[in-house]
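Structure file model25.csv (CSV, C-alpha atoms) follows.
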chain,number,residue,atom,x,y,z
A,1,MET,CA,-3.8,-24.8,-40.2
A,2,PRO,CA,-2.9,-23.6,-43.7
A,3,ALA,CA,-1.6,-26.2,-46.2
A,4,ASP,CA,1.9,-24.7,-46.3
A,5,THR,CA,2.8,-25.7,-42.8
A,6,GLY,CA,4.7,-28.8,-43.9
A,7,PHE,CA,8.3,-29.7,-43.0
A,8,HIS,CA,11.0,-27.5,-44.5
A,9,PHE,CA,14.4,-25.9,-43.7
A,10,ALA,CA,14.8,-22.2,-42.9
A,11,GLN,CA,18.5,-22.3,-44.1
A,12,PRO,CA,18.6,-25.0,-46.8
A,13,VAL,CA,22.0,-23.8,-48.2
A,14,TRP,CA,23.6,-25.6,-45.3
A,15,LEU,CA,22.5,-28.9,-46.8
A,16,LEU,CA,25.1,-28.6,-49.5
A,17,LEU,CA,27.7,-29.5,-46.9
A,18,LEU,CA,26.1,-33.0,-46.6
A,19,ALA,CA,28.4,-33.9,-49.6
A,20,VAL,CA,31.5,-33.4,-47.5
A,21,PRO,CA,31.5,-37.0,-46.1
A,22,LEU,CA,31.3,-38.4,-49.6
A,23,LEU,CA,34.3,-36.3,-50.7
A,24,VAL,CA,36.2,-37.5,-47.6
A,25,ALA,CA,35.4,-41.1,-48.5
A,26,ILE,CA,36.7,-40.6,-52.1
A,27,TRP,CA,39.8,-39.0,-50.7
A,28,GLN,CA,40.4,-41.9,-48.3
A,29,ARG,CA,40.0,-44.5,-51.0
A,30,LEU,CA,42.5,-42.7,-53.2
A,31,THR,CA,45.1,-42.4,-50.4
A,32,VAL,CA,44.6,-46.0,-49.3
A,33,SER,CA,45.2,-47.2,-52.9
A,34,LYS,CA,48.4,-45.2,-53.1
A,35,ARG,CA,49.5,-46.5,-49.8
A,36,ASN,CA,48.9,-50.0,-50.9
A,37,ASP,CA,51.2,-49.5,-53.9
A,38,LEU,CA,54.2,-48.6,-51.7
A,39,PRO,CA,57.0,-51.2,-51.8
A,40,VAL,CA,57.0,-51.6,-48.0
A,41,ASP,CA,57.9,-55.3,-48.3
A,42,ARG,CA,61.5,-54.2,-49.1
A,43,TYR,CA,61.9,-53.0,-45.5
A,44,ALA,CA,60.4,-55.8,-43.5
A,45,ASP,CA,59.6,-59.5,-43.6
A,46,PRO,CA,56.2,-60.3,-45.0
A,47,GLU,CA,55.3,-62.1,-41.8
A,48,LEU,CA,55.8,-58.9,-39.8
A,49,LEU,CA,54.0,-56.4,-42.2
A,50,PRO,CA,50.4,-56.9,-40.8
A,51,HIS,CA,51.6,-56.3,-37.3
A,52,LEU,CA,53.7,-53.2,-38.2
A,53,LEU,CA,51.0,-51.6,-40.4
A,54,ARG,CA,48.0,-52.2,-38.2
A,55,GLU,CA,49.3,-49.7,-35.6
A,56,HIS,CA,49.2,-46.7,-38.0
A,57,HIS,CA,46.9,-48.0,-40.8
A,58,PRO,CA,43.7,-49.5,-39.5
A,59,GLY,CA,41.9,-52.2,-41.4
A,60,ARG,CA,39.3,-51.5,-44.0
A,61,GLY,CA,36.4,-52.4,-41.8
A,62,GLN,CA,37.6,-50.2,-39.0
A,63,ARG,CA,38.1,-47.3,-41.4
A,64,LEU,CA,34.6,-47.8,-42.7
A,65,ARG,CA,33.0,-47.8,-39.3
A,66,ARG,CA,34.9,-44.6,-38.3
A,67,LEU,CA,33.9,-42.8,-41.5
A,68,LEU,CA,30.3,-43.8,-41.1
A,69,ARG,CA,30.1,-42.6,-37.5
A,70,TRP,CA,31.7,-39.2,-38.2
A,71,SER,CA,29.6,-38.9,-41.3
A,72,MET,CA,26.4,-39.4,-39.3
A,73,ILE,CA,27.6,-36.8,-36.7
A,74,TRP,CA,28.5,-34.3,-39.5
A,75,SER,CA,25.1,-34.9,-41.2
A,76,VAL,CA,22.9,-34.4,-38.2
A,77,LEU,CA,24.8,-31.2,-37.2
A,78,ILE,CA,24.4,-29.8,-40.7
A,79,ILE,CA,20.7,-30.6,-40.6
A,80,ALA,CA,20.5,-28.7,-37.3
A,81,MET,CA,22.3,-25.7,-38.9
A,82,ALA,CA,19.7,-25.8,-41.7
A,83,GLU,CA,17.0,-25.2,-39.1
A,84,PRO,CA,14.3,-27.8,-39.7
A,85,ARG,CA,10.8,-26.4,-39.2
A,86,TRP,CA,7.3,-27.8,-39.1
A,87,ASP,CA,4.0,-26.0,-38.4
A,88,PHE,CA,3.7,-22.3,-37.3
A,89,THR,CA,1.6,-19.9,-35.2
A,90,GLU,CA,0.3,-16.9,-37.1
A,91,LEU,CA,0.4,-13.6,-35.3
A,92,ARG,CA,-1.5,-10.5,-36.6
A,93,LEU,CA,0.3,-7.2,-36.2
A,94,PHE,CA,-1.3,-4.5,-34.2
A,95,GLN,CA,-0.2,-1.1,-33.1
A,96,PRO,CA,-1.6,1.1,-30.3
A,97,ARG,CA,-4.4,3.3,-31.5
A,98,HIS,CA,-4.0,5.9,-28.7
A,99,ASP,CA,-1.2,8.3,-28.1
A,100,LEU,CA,-1.2,10.0,-24.7
A,101,VAL,CA,1.2,12.6,-23.4
A,102,VAL,CA,1.2,13.1,-19.6
A,103,LEU,CA,2.0,16.6,-18.4
A,104,LEU,CA,3.3,16.2,-14.8
A,105,ASP,CA,3.4,19.4,-12.7
A,106,ILE,CA,6.7,19.6,-10.8
A,107,SER,CA,6.3,23.2,-9.5
A,108,GLN,CA,7.1,23.9,-5.9
A,109,SER,CA,3.4,23.8,-4.9
A,110,MET,CA,3.4,20.1,-5.7
A,111,ASN,CA,5.5,19.5,-2.6
A,112,ALA,CA,2.5,20.5,-0.4
A,113,ALA,CA,1.6,17.7,2.0
A,114,ASP,CA,-2.2,18.1,2.0
A,115,VAL,CA,-2.3,14.9,0.1
A,116,ALA,CA,-0.1,12.2,1.8
A,117,PRO,CA,2.8,12.0,1.4
A,118,THR,CA,2.9,14.9,-1.0
A,119,ARG,CA,1.0,16.1,-4.1
A,120,LEU,CA,3.9,15.2,-6.3
A,121,ALA,CA,4.3,11.7,-4.8
A,122,ARG,CA,0.6,11.2,-5.3
A,123,ALA,CA,0.9,12.4,-8.9
A,124,ARG,CA,3.8,10.0,-9.7
A,125,GLN,CA,1.7,7.1,-8.3
A,126,GLU,CA,-1.2,8.2,-10.7
A,127,VAL,CA,1.2,8.0,-13.6
A,128,GLN,CA,2.3,4.6,-12.5
A,129,ASP,CA,-1.3,3.5,-12.3
A,130,LEU,CA,-1.9,4.7,-15.8
A,131,LEU,CA,1.1,2.8,-17.1
A,132,ASP,CA,-0.1,-0.4,-15.4
A,133,LYS,CA,-3.7,-0.1,-16.7
A,134,ALA,CA,-2.9,1.0,-20.3
A,135,PRO,CA,-0.7,-1.5,-22.0
A,136,ALA,CA,-2.2,-0.7,-25.4
A,137,VAL,CA,-1.6,3.0,-25.1
A,138,ARG,CA,1.5,4.7,-26.3
A,139,VAL,CA,2.6,7.1,-23.5
A,140,GLY,CA,4.9,10.1,-23.3
A,141,LEU,CA,5.9,12.1,-20.2
A,142,ILE,CA,6.7,15.8,-19.9
A,143,ALA,CA,7.6,17.4,-16.5
A,144,PHE,CA,6.9,21.1,-16.3
A,145,ALA,CA,7.2,24.1,-14.0
A,146,SER,CA,8.6,27.3,-15.3
A,147,VAL,CA,9.9,25.3,-18.2
A,148,ALA,CA,8.9,22.0,-19.8
A,149,GLN,CA,11.2,19.0,-20.1
A,150,VAL,CA,10.5,15.9,-22.1
A,151,VAL,CA,11.2,13.0,-19.7
A,152,ALA,CA,10.1,10.3,-22.2
A,153,PRO,CA,8.8,10.6,-25.8
A,154,LEU,CA,5.8,8.5,-26.9
A,155,THR,CA,6.7,4.9,-26.3
A,156,GLU,CA,5.1,1.5,-25.9
A,157,ASP,CA,7.9,0.6,-23.4
A,158,HIS,CA,6.2,1.6,-20.2
A,159,GLY,CA,8.9,0.1,-18.2
A,160,SER,CA,11.3,2.8,-19.3
A,161,ILE,CA,9.0,5.5,-17.9
A,162,THR,CA,8.6,3.5,-14.7
A,163,ARG,CA,12.3,3.6,-14.2
A,164,LEU,CA,12.5,7.3,-14.7
A,165,LEU,CA,9.5,8.3,-12.5
A,166,PRO,CA,11.4,8.3,-9.1
A,167,GLU,CA,13.8,10.9,-10.5
A,168,VAL,CA,11.0,13.3,-11.5
A,169,ASN,CA,10.9,15.9,-8.7
A,170,THR,CA,10.8,19.7,-8.2
A,171,THR,CA,14.7,19.9,-8.3
A,172,LEU,CA,14.6,19.4,-12.1
A,173,VAL,CA,13.6,23.1,-12.5
A,174,SER,CA,15.3,25.8,-10.5
A,175,LEU,CA,13.2,28.8,-11.5
A,176,PRO,CA,9.8,29.3,-9.7
A,177,GLY,CA,6.6,29.2,-11.6
A,178,SER,CA,4.1,26.9,-13.2
A,179,ARG,CA,3.6,27.6,-16.9
A,180,LEU,CA,1.3,25.1,-18.7
A,181,VAL,CA,1.1,26.8,-22.1
A,182,THR,CA,4.8,25.9,-22.8
A,183,ALA,CA,4.1,22.3,-21.7
A,184,LEU,CA,1.0,22.1,-24.0
A,185,ALA,CA,3.1,23.2,-26.9
A,186,ARG,CA,5.8,20.6,-26.2
A,187,ALA,CA,3.1,17.9,-26.0
A,188,GLU,CA,1.6,19.0,-29.3
A,189,HIS,CA,5.1,18.7,-30.8
A,190,LEU,CA,5.4,15.1,-29.6
A,191,LEU,CA,2.0,14.3,-31.0
A,192,ARG,CA,2.6,16.0,-34.4
A,193,GLY,CA,2.9,13.7,-37.3
A,194,ARG,CA,1.2,10.7,-35.7
A,195,SER,CA,-1.2,8.6,-37.8
A,196,GLU,CA,-4.6,10.1,-38.5
A,197,GLU,CA,-6.0,6.7,-37.3
A,198,ALA,CA,-4.5,7.2,-33.8
A,199,SER,CA,-6.3,9.3,-31.2
A,200,ARG,CA,-4.1,12.0,-29.7
A,201,GLN,CA,-4.5,12.8,-26.1
A,202,ILE,CA,-3.0,15.0,-23.4
A,203,LEU,CA,-3.4,14.4,-19.6
A,204,ILE,CA,-2.6,17.3,-17.2
A,205,ILE,CA,-1.7,16.1,-13.7
A,206,SER,CA,-1.5,19.2,-11.5
A,207,ASP,CA,-2.9,21.2,-8.6
A,208,GLY,CA,-4.0,23.9,-11.1
A,209,ASP,CA,-1.9,26.5,-9.4
A,210,PHE,CA,-0.8,28.2,-12.7
A,211,ASP,CA,0.5,31.8,-13.0
A,212,GLU,CA,-0.2,32.6,-16.6
A,213,SER,CA,-3.1,33.6,-18.9
A,214,GLY,CA,-4.1,32.2,-22.3
A,215,LEU,CA,-4.7,28.7,-21.1
A,216,PRO,CA,-8.3,28.3,-22.5
A,217,GLU,CA,-7.1,29.6,-25.9
A,218,ALA,CA,-4.1,27.2,-25.9
A,219,VAL,CA,-6.4,24.2,-25.1
A,220,ARG,CA,-9.0,25.3,-27.6
A,221,ASP,CA,-6.3,25.5,-30.3
A,222,LEU,CA,-5.2,21.9,-29.5
A,223,ARG,CA,-8.8,20.7,-29.7
A,224,ALA,CA,-9.1,22.3,-33.1
A,225,LYS,CA,-6.2,20.1,-34.2
A,226,GLY,CA,-7.9,17.0,-33.1
A,227,ILE,CA,-6.1,16.6,-29.7
A,228,TYR,CA,-8.1,15.8,-26.6
A,229,VAL,CA,-7.1,17.4,-23.2
A,230,HIS,CA,-7.9,15.7,-19.9
A,231,ALA,CA,-7.1,16.9,-16.4
A,232,LEU,CA,-6.4,15.1,-13.1
A,233,GLY,CA,-6.4,17.3,-10.1
A,234,VAL,CA,-4.0,16.6,-7.2
A,235,GLY,CA,-4.5,18.3,-3.8
A,236,SER,CA,-7.2,19.5,-1.5
A,237,ASP,CA,-9.7,22.4,-1.6
A,238,GLU,CA,-8.1,23.9,1.6
A,239,ALA,CA,-5.0,26.0,1.0
A,240,SER,CA,-1.9,24.3,2.2
A,241,PRO,CA,1.5,25.9,2.9
A,242,VAL,CA,4.1,25.4,0.2
A,243,PRO,CA,7.5,24.1,1.3
A,244,GLY,CA,10.5,26.1,0.2
A,245,PRO,CA,13.2,24.6,-2.1
A,246,LYS,CA,15.8,24.9,0.7
A,247,GLY,CA,13.6,24.0,3.7
A,248,GLY,CA,11.1,26.1,5.6
A,249,TRP,CA,8.2,27.6,3.8
A,250,GLN,CA,8.0,29.5,0.5
A,251,ARG,CA,7.1,33.2,0.9
A,252,ASP,CA,5.0,35.3,-1.4
A,253,GLY,CA,5.6,38.9,-2.5
A,254,ASN,CA,4.3,40.2,0.9
A,255,GLY,CA,6.6,38.0,2.9
A,256,GLU,CA,3.7,35.8,3.9
A,257,ILE,CA,3.8,32.0,3.8
A,258,ALA,CA,2.7,31.0,0.3
A,259,ARG,CA,-0.3,28.7,0.2
A,260,SER,CA,-1.8,26.6,-2.6
A,261,ALA,CA,-5.1,24.8,-3.0
A,262,LEU,CA,-6.5,22.6,-5.7
A,263,ASN,CA,-8.0,24.8,-8.5
A,264,ARG,CA,-10.8,22.4,-9.5
A,265,ASP,CA,-12.7,25.0,-11.6
A,266,LEU,CA,-9.7,25.8,-13.8
A,267,LEU,CA,-8.8,22.2,-14.5
A,268,ARG,CA,-12.4,21.2,-15.0
A,269,GLY,CA,-12.8,24.1,-17.5
A,270,LEU,CA,-9.7,23.2,-19.4
A,271,ALA,CA,-10.8,19.5,-19.7
A,272,ALA,CA,-14.2,20.7,-20.9
A,273,ILE,CA,-12.7,22.9,-23.6
A,274,GLY,CA,-10.4,20.1,-24.6
A,275,GLY,CA,-13.2,17.6,-25.0
A,276,GLY,CA,-11.7,15.5,-22.2
A,277,VAL,CA,-12.6,14.5,-18.7
A,278,PHE,CA,-11.7,15.9,-15.3
A,279,ARG,CA,-11.1,13.8,-12.2
A,280,THR,CA,-9.6,14.3,-8.8
A,281,ALA,CA,-6.8,12.0,-7.7
A,282,GLU,CA,-8.0,9.3,-5.3
A,283,TYR,CA,-6.2,6.5,-3.5
A,284,ASP,CA,-7.9,3.9,-5.6
A,285,ASP,CA,-7.6,3.7,-9.3
A,286,ASP,CA,-11.1,4.8,-10.3
A,287,ASP,CA,-9.8,8.2,-11.4
A,288,ILE,CA,-7.3,6.8,-13.9
A,289,SER,CA,-9.9,4.2,-15.0
A,290,ALA,CA,-12.4,6.9,-15.9
A,291,ILE,CA,-9.8,8.9,-17.8
A,292,LEU,CA,-8.6,5.8,-19.7
A,293,GLN,CA,-12.2,4.9,-20.5
A,294,ARG,CA,-12.6,8.3,-22.2
A,295,VAL,CA,-9.2,7.9,-24.0
A,296,ARG,CA,-10.3,4.6,-25.5
A,297,ALA,CA,-13.7,5.9,-26.3
A,298,SER,CA,-12.2,8.6,-28.6
A,299,ALA,CA,-11.5,5.9,-31.2
A,300,THR,CA,-13.1,2.5,-31.8
A,301,GLY,CA,-11.0,-0.6,-30.9
A,302,ALA,CA,-7.8,-1.0,-28.9
A,303,GLY,CA,-5.5,-1.3,-31.9
A,304,VAL,CA,-5.0,-0.6,-35.5
A,305,GLU,CA,-4.5,-3.5,-37.9
A,306,ARG,CA,-1.9,-2.4,-40.4
A,307,ASN,CA,-1.7,-3.5,-44.0
A,308,VAL,CA,1.3,-5.7,-43.5
A,309,PRO,CA,1.7,-9.5,-43.7
A,310,SER,CA,1.0,-11.5,-40.6
A,311,VAL,CA,4.0,-12.8,-38.7
A,312,ARG,CA,4.6,-16.5,-38.7
A,313,VAL,CA,6.3,-18.0,-35.6
A,314,TRP,CA,7.6,-21.4,-36.7
A,315,GLU,CA,8.1,-24.4,-34.5
A,316,GLU,CA,11.8,-25.1,-34.6
A,317,TYR,CA,13.2,-28.7,-34.4
A,318,TYR,CA,17.0,-28.1,-34.6
A,319,GLN,CA,17.4,-29.4,-31.0
A,320,TRP,CA,16.6,-33.0,-32.0
A,321,PRO,CA,19.5,-33.5,-34.5
A,322,VAL,CA,21.8,-31.7,-32.0
A,323,LEU,CA,20.8,-34.3,-29.3
A,324,LEU,CA,21.4,-37.1,-31.8
A,325,ALA,CA,24.9,-35.8,-32.5
A,326,ALA,CA,25.6,-35.7,-28.8
A,327,LEU,CA,24.6,-39.3,-28.4
A,328,LEU,CA,26.8,-40.3,-31.4
A,329,LEU,CA,29.8,-38.5,-29.8
A,330,LEU,CA,29.6,-40.5,-26.5
A,331,PRO,CA,31.9,-43.3,-27.8
A,332,ALA,CA,34.5,-40.7,-28.6
A,333,PHE,CA,34.4,-39.4,-25.1
A,334,ARG,CA,34.8,-43.0,-23.8
A,335,VAL,CA,37.9,-43.5,-25.9
A,336,ALA,CA,39.4,-40.1,-24.8
A,337,ARG,CA,38.8,-41.1,-21.2
A,338,ALA,CA,40.5,-44.4,-21.6
A,339,LEU,CA,43.5,-42.8,-23.3
A,340,GLY,CA,43.7,-40.3,-20.4
A,341,LYS,CA,44.0,-43.2,-18.0
A,342,GLY,CA,46.8,-44.8,-20.0
A,343,GLY,CA,44.6,-47.4,-21.7
A,344,VAL,CA,44.3,-48.1,-25.4
A,345,GLY,CA,41.1,-47.3,-27.2
A,346,ARG,CA,40.1,-48.5,-30.7
A,347,ASP,CA,37.2,-47.3,-32.8

Would you mind writing the file's structure down as structure tokens?
Amino acid sequence: MPADTGFHFAQPVWLLLLAVPLLVAIWQRLTVSKRNDLPVDRYADPELLPHLLREHHPGRGQRLRRLLRWSMIWSVLIIAMAEPRWDFTELRLFQPRHDLVVLLDISQSMNAADVAPTRLARARQEVQDLLDKAPAVRVGLIAFASVAQVVAPLTEDHGSITRLLPEVNTTLVSLPGSRLVTALARAEHLLRGRSEEASRQILIISDGDFDESGLPEAVRDLRAKGIYVHALGVGSDEASPVPGPKGGWQRDGNGEIARSALNRDLLRGLAAIGGGVFRTAEYDDDDISAILQRVRASATGAGVERNVPSVRVWEEYYQWPVLLAALLLLPAFRVARALGKGGVGRD
């Protein structure tokens, strides 16, 4: 331990109040002297004076004992308020070195049940697996379909995203469609301005059933800005019917039941352009583990040590003077109890 771990007070200004008992003692001495000068013998016989005055004016020894006890109680409480400390643990400050924005597809095709229970439910579980396995990664969440909505900005509080996940579903967007370019732009906005030391990542969780062009160009532009793009495919290779928003099945322009299959080639190609990795969602966590391995590999280490002083967590000992004060107060409670029962108590 360093040499400066010795005993000290965190709030030493409180110690100035230790002088209060001394001031009280001086005040008592002055008032007793004045009281002794009163000509009380004019109003009672000298033989009766000790008996009359003892009831309201305790003797010198009794006053001294009372003052000493309350001075001790006052002093130990003031010492507790001053926060005595001794020894500390030094904690070095770290911040996550990886920023990851998850783009979660909530278009209608994600309600397909080719992956039990549905693609979207499986995708939400993948997000939860990621949160559980990546405590040192700052995570943000964007839900997208025809439009993109920021569910959670980049945060180290993964619990807040966990609480929001059950509410992320296809009803958040009323218009049909699945437009990834807009979602990529929103993700780039969240990652903008982050430290140059932190790796910036985007993870697309989708079935790849997009209805827009220009995706390769958008991903290529992100990679040129130093942002990695990964993809996690959800669904099966066999086309599955798409449930309608109000029940039944969704219909295409020809009136036929709309079907959707996992577009592996598109998602794999986007991940390749973005310098990331493509995996298919599985019921174990190997898929997320592989993606996180690539995320962490994009920068050395799991955290960035900032040029700030280390935090010292001191060992606090205020509880001991508080305990001593409680023990010193026990006689006062005994007297109060006796008085409550009709008895007479003396200090």

Residue with smallest distance to A:Ala183 - pool A:Arg65, A:Leu141, A:Ala297, A:Thr170, counting all atoms listed in the file: A:Leu141

Starting from the point (3.6, 22.2, -24.5), work out which residues of protein, DNA or RNA have an atom no more than 12 Å away when counting only C-alpha atoms; state them as a ChimeraX atom specification. /A:101-104,141-150,179-192,202-204,215,218-219,221-222,229

Keeping only C-alpha atoms, write those residues as a PDB file, in the coordinates of the input.
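Final file, out-v3.pdb:
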ATOM      1  CA  VAL A 101       1.200  12.600 -23.400  1.00  0.00           C
ATOM      2  CA  VAL A 102       1.200  13.100 -19.600  1.00  0.00           C
ATOM      3  CA  LEU A 103       2.000  16.600 -18.400  1.00  0.00           C
ATOM      4  CA  LEU A 104       3.300  16.200 -14.800  1.00  0.00           C
ATOM      5  CA  LEU A 141       5.900  12.100 -20.200  1.00  0.00           C
ATOM      6  CA  ILE A 142       6.700  15.800 -19.900  1.00  0.00           C
ATOM      7  CA  ALA A 143       7.600  17.400 -16.500  1.00  0.00           C
ATOM      8  CA  PHE A 144       6.900  21.100 -16.300  1.00  0.00           C
ATOM      9  CA  ALA A 145       7.200  24.100 -14.000  1.00  0.00           C
ATOM     10  CA  SER A 146       8.600  27.300 -15.300  1.00  0.00           C
ATOM     11  CA  VAL A 147       9.900  25.300 -18.200  1.00  0.00           C
ATOM     12  CA  ALA A 148       8.900  22.000 -19.800  1.00  0.00           C
ATOM     13  CA  GLN A 149      11.200  19.000 -20.100  1.00  0.00           C
ATOM     14  CA  VAL A 150      10.500  15.900 -22.100  1.00  0.00           C
ATOM     15  CA  ARG A 179       3.600  27.600 -16.900  1.00  0.00           C
ATOM     16  CA  LEU A 180       1.300  25.100 -18.700  1.00  0.00           C
ATOM     17  CA  VAL A 181       1.100  26.800 -22.100  1.00  0.00           C
ATOM     18  CA  THR A 182       4.800  25.900 -22.800  1.00  0.00           C
ATOM     19  CA  ALA A 183       4.100  22.300 -21.700  1.00  0.00           C
ATOM     20  CA  LEU A 184       1.000  22.100 -24.000  1.00  0.00           C
ATOM     21  CA  ALA A 185       3.100  23.200 -26.900  1.00  0.00           C
ATOM     22  CA  ARG A 186       5.800  20.600 -26.200  1.00  0.00           C
ATOM     23  CA  ALA A 187       3.100  17.900 -26.000  1.00  0.00           C
ATOM     24  CA  GLU A 188       1.600  19.000 -29.300  1.00  0.00           C
ATOM     25  CA  HIS A 189       5.100  18.700 -30.800  1.00  0.00           C
ATOM     26  CA  LEU A 190       5.400  15.100 -29.600  1.00  0.00           C
ATOM     27  CA  LEU A 191       2.000  14.300 -31.000  1.00  0.00           C
ATOM     28  CA  ARG A 192       2.600  16.000 -34.400  1.00  0.00           C
ATOM     29  CA  ILE A 202      -3.000  15.000 -23.400  1.00  0.00           C
ATOM     30  CA  LEU A 203      -3.400  14.400 -19.600  1.00  0.00           C
ATOM     31  CA  ILE A 204      -2.600  17.300 -17.200  1.00  0.00           C
ATOM     32  CA  LEU A 215      -4.700  28.700 -21.100  1.00  0.00           C
ATOM     33  CA  ALA A 218      -4.100  27.200 -25.900  1.00  0.00           C
ATOM     34  CA  VAL A 219      -6.400  24.200 -25.100  1.00  0.00           C
ATOM     35  CA  ASP A 221      -6.300  25.500 -30.300  1.00  0.00           C
ATOM     36  CA  LEU A 222      -5.200  21.900 -29.500  1.00  0.00           C
ATOM     37  CA  VAL A 229      -7.100  17.400 -23.200  1.00  0.00           C
TER      38      VAL A 229
END

Would you work out the distance separating atom CA of A:Arg312 from atom CA of A:Ala134, expressed in Å to one decimal? 26.5 Å

Using only C-alpha atoms, find the one residue out of A:Leu22, A:Ala10, A:Leu68, A:Ala116 that sits nearest to A:Trp86.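 Among the listed residues, A:Ala10 lies closest to A:Trp86.
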
Distance criterion (all atoms listed in the file): nearest to A:Ala272 out of A:Phe210, A:Tyr317, A:Phe88, A:Tyr228: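 Checking each of A:Phe210, A:Tyr317, A:Phe88, A:Tyr228 against A:Ala272, counting all atoms listed in the file, the winner is A:Tyr228.
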
Could you check how far atom CA of A:Ala271 sits from atom CA of A:Glu217, in Å to one decimal?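 We find that atom CA of A:Ala271 and atom CA of A:Glu217 lie 12.4 Å from each other.
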
Box in all listed atoms of stretch 277-293 of chain A, axis-aligned, with 3 Å more on each side; write out centre and edge lengths in Å to one decimal as lines of an AutoDock Vina configuration file.
center_x = -9.4
center_y = 9.8
center_z = -12.0
size_x = 12.4
size_y = 18.2
size_z = 23.0

Under the rule that all atoms listed in the file are counted, which of A:Asp129, A:Glu212, A:Asp157, A:Glu83 is the nearest residue to A:Ile288?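 Between A:Asp129, A:Glu212, A:Asp157, A:Glu83, the residue approaching A:Ile288 most closely is A:Asp129.
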
Near A:Leu77, counting all atoms listed in the file, which residues have an atom at most 7 Å away, once you skip same-chain residues fewer than 6 positions from it, shown as an mmCIF file with C-alpha atoms, in the coordinates of the input?
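In the end it all went to selection_28.cif:
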data_model
loop_
_atom_site.group_PDB
_atom_site.id
_atom_site.type_symbol
_atom_site.label_atom_id
_atom_site.label_comp_id
_atom_site.auth_asym_id
_atom_site.auth_seq_id
_atom_site.Cartn_x
_atom_site.Cartn_y
_atom_site.Cartn_z
ATOM 1 C CA PRO A 321 19.500 -33.500 -34.500
ATOM 2 C CA VAL A 322 21.800 -31.700 -32.000
ATOM 3 C CA ALA A 325 24.900 -35.800 -32.500
#

For A:Gly274, which residue out of A:Leu130, A:Leu175, A:Ala82, A:Ala224 is the nearest one, using only C-alpha atoms?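 Among the listed residues, A:Ala224 lies closest to A:Gly274.
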
For stretch 263-275 of chain A, supply N, CA and C atoms and report the output as a PDB file, in the coordinates of the input.
ATOM      1  N   ASN A 263      -7.118  23.890  -7.685  1.00  0.00           N
ATOM      2  CA  ASN A 263      -8.000  24.800  -8.500  1.00  0.00           C
ATOM      3  C   ASN A 263      -8.854  23.872  -9.385  1.00  0.00           C
ATOM      4  N   ARG A 264      -9.900  23.327  -8.802  1.00  0.00           N
ATOM      5  CA  ARG A 264     -10.800  22.400  -9.500  1.00  0.00           C
ATOM      6  C   ARG A 264     -11.438  23.095 -10.731  1.00  0.00           C
ATOM      7  N   ASP A 265     -11.915  24.315 -10.517  1.00  0.00           N
ATOM      8  CA  ASP A 265     -12.700  25.000 -11.600  1.00  0.00           C
ATOM      9  C   ASP A 265     -11.824  25.196 -12.817  1.00  0.00           C
ATOM     10  N   LEU A 266     -10.563  25.597 -12.624  1.00  0.00           N
ATOM     11  CA  LEU A 266      -9.700  25.800 -13.800  1.00  0.00           C
ATOM     12  C   LEU A 266      -9.438  24.517 -14.525  1.00  0.00           C
ATOM     13  N   LEU A 267      -9.072  23.479 -13.814  1.00  0.00           N
ATOM     14  CA  LEU A 267      -8.800  22.200 -14.500  1.00  0.00           C
ATOM     15  C   LEU A 267     -10.008  21.601 -15.115  1.00  0.00           C
ATOM     16  N   ARG A 268     -11.154  21.711 -14.463  1.00  0.00           N
ATOM     17  CA  ARG A 268     -12.400  21.200 -15.000  1.00  0.00           C
ATOM     18  C   ARG A 268     -12.739  21.968 -16.317  1.00  0.00           C
ATOM     19  N   GLY A 269     -12.531  23.281 -16.291  1.00  0.00           N
ATOM     20  CA  GLY A 269     -12.800  24.100 -17.500  1.00  0.00           C
ATOM     21  C   GLY A 269     -11.896  23.750 -18.635  1.00  0.00           C
ATOM     22  N   LEU A 270     -10.603  23.521 -18.348  1.00  0.00           N
ATOM     23  CA  LEU A 270      -9.700  23.200 -19.400  1.00  0.00           C
ATOM     24  C   LEU A 270     -10.039  21.809 -20.030  1.00  0.00           C
ATOM     25  N   ALA A 271     -10.437  20.851 -19.192  1.00  0.00           N
ATOM     26  CA  ALA A 271     -10.800  19.500 -19.700  1.00  0.00           C
ATOM     27  C   ALA A 271     -12.096  19.655 -20.565  1.00  0.00           C
ATOM     28  N   ALA A 272     -13.023  20.509 -20.155  1.00  0.00           N
ATOM     29  CA  ALA A 272     -14.200  20.700 -20.900  1.00  0.00           C
ATOM     30  C   ALA A 272     -13.945  21.290 -22.296  1.00  0.00           C
ATOM     31  N   ILE A 273     -13.063  22.300 -22.319  1.00  0.00           N
ATOM     32  CA  ILE A 273     -12.700  22.900 -23.600  1.00  0.00           C
ATOM     33  C   ILE A 273     -11.968  21.904 -24.486  1.00  0.00           C
ATOM     34  N   GLY A 274     -11.143  21.065 -23.859  1.00  0.00           N
ATOM     35  CA  GLY A 274     -10.400  20.100 -24.600  1.00  0.00           C
ATOM     36  C   GLY A 274     -11.092  18.834 -24.999  1.00  0.00           C
ATOM     37  N   GLY A 275     -12.393  18.771 -24.686  1.00  0.00           N
ATOM     38  CA  GLY A 275     -13.200  17.600 -25.000  1.00  0.00           C
ATOM     39  C   GLY A 275     -12.810  16.364 -24.206  1.00  0.00           C
TER      40      GLY A 275
END
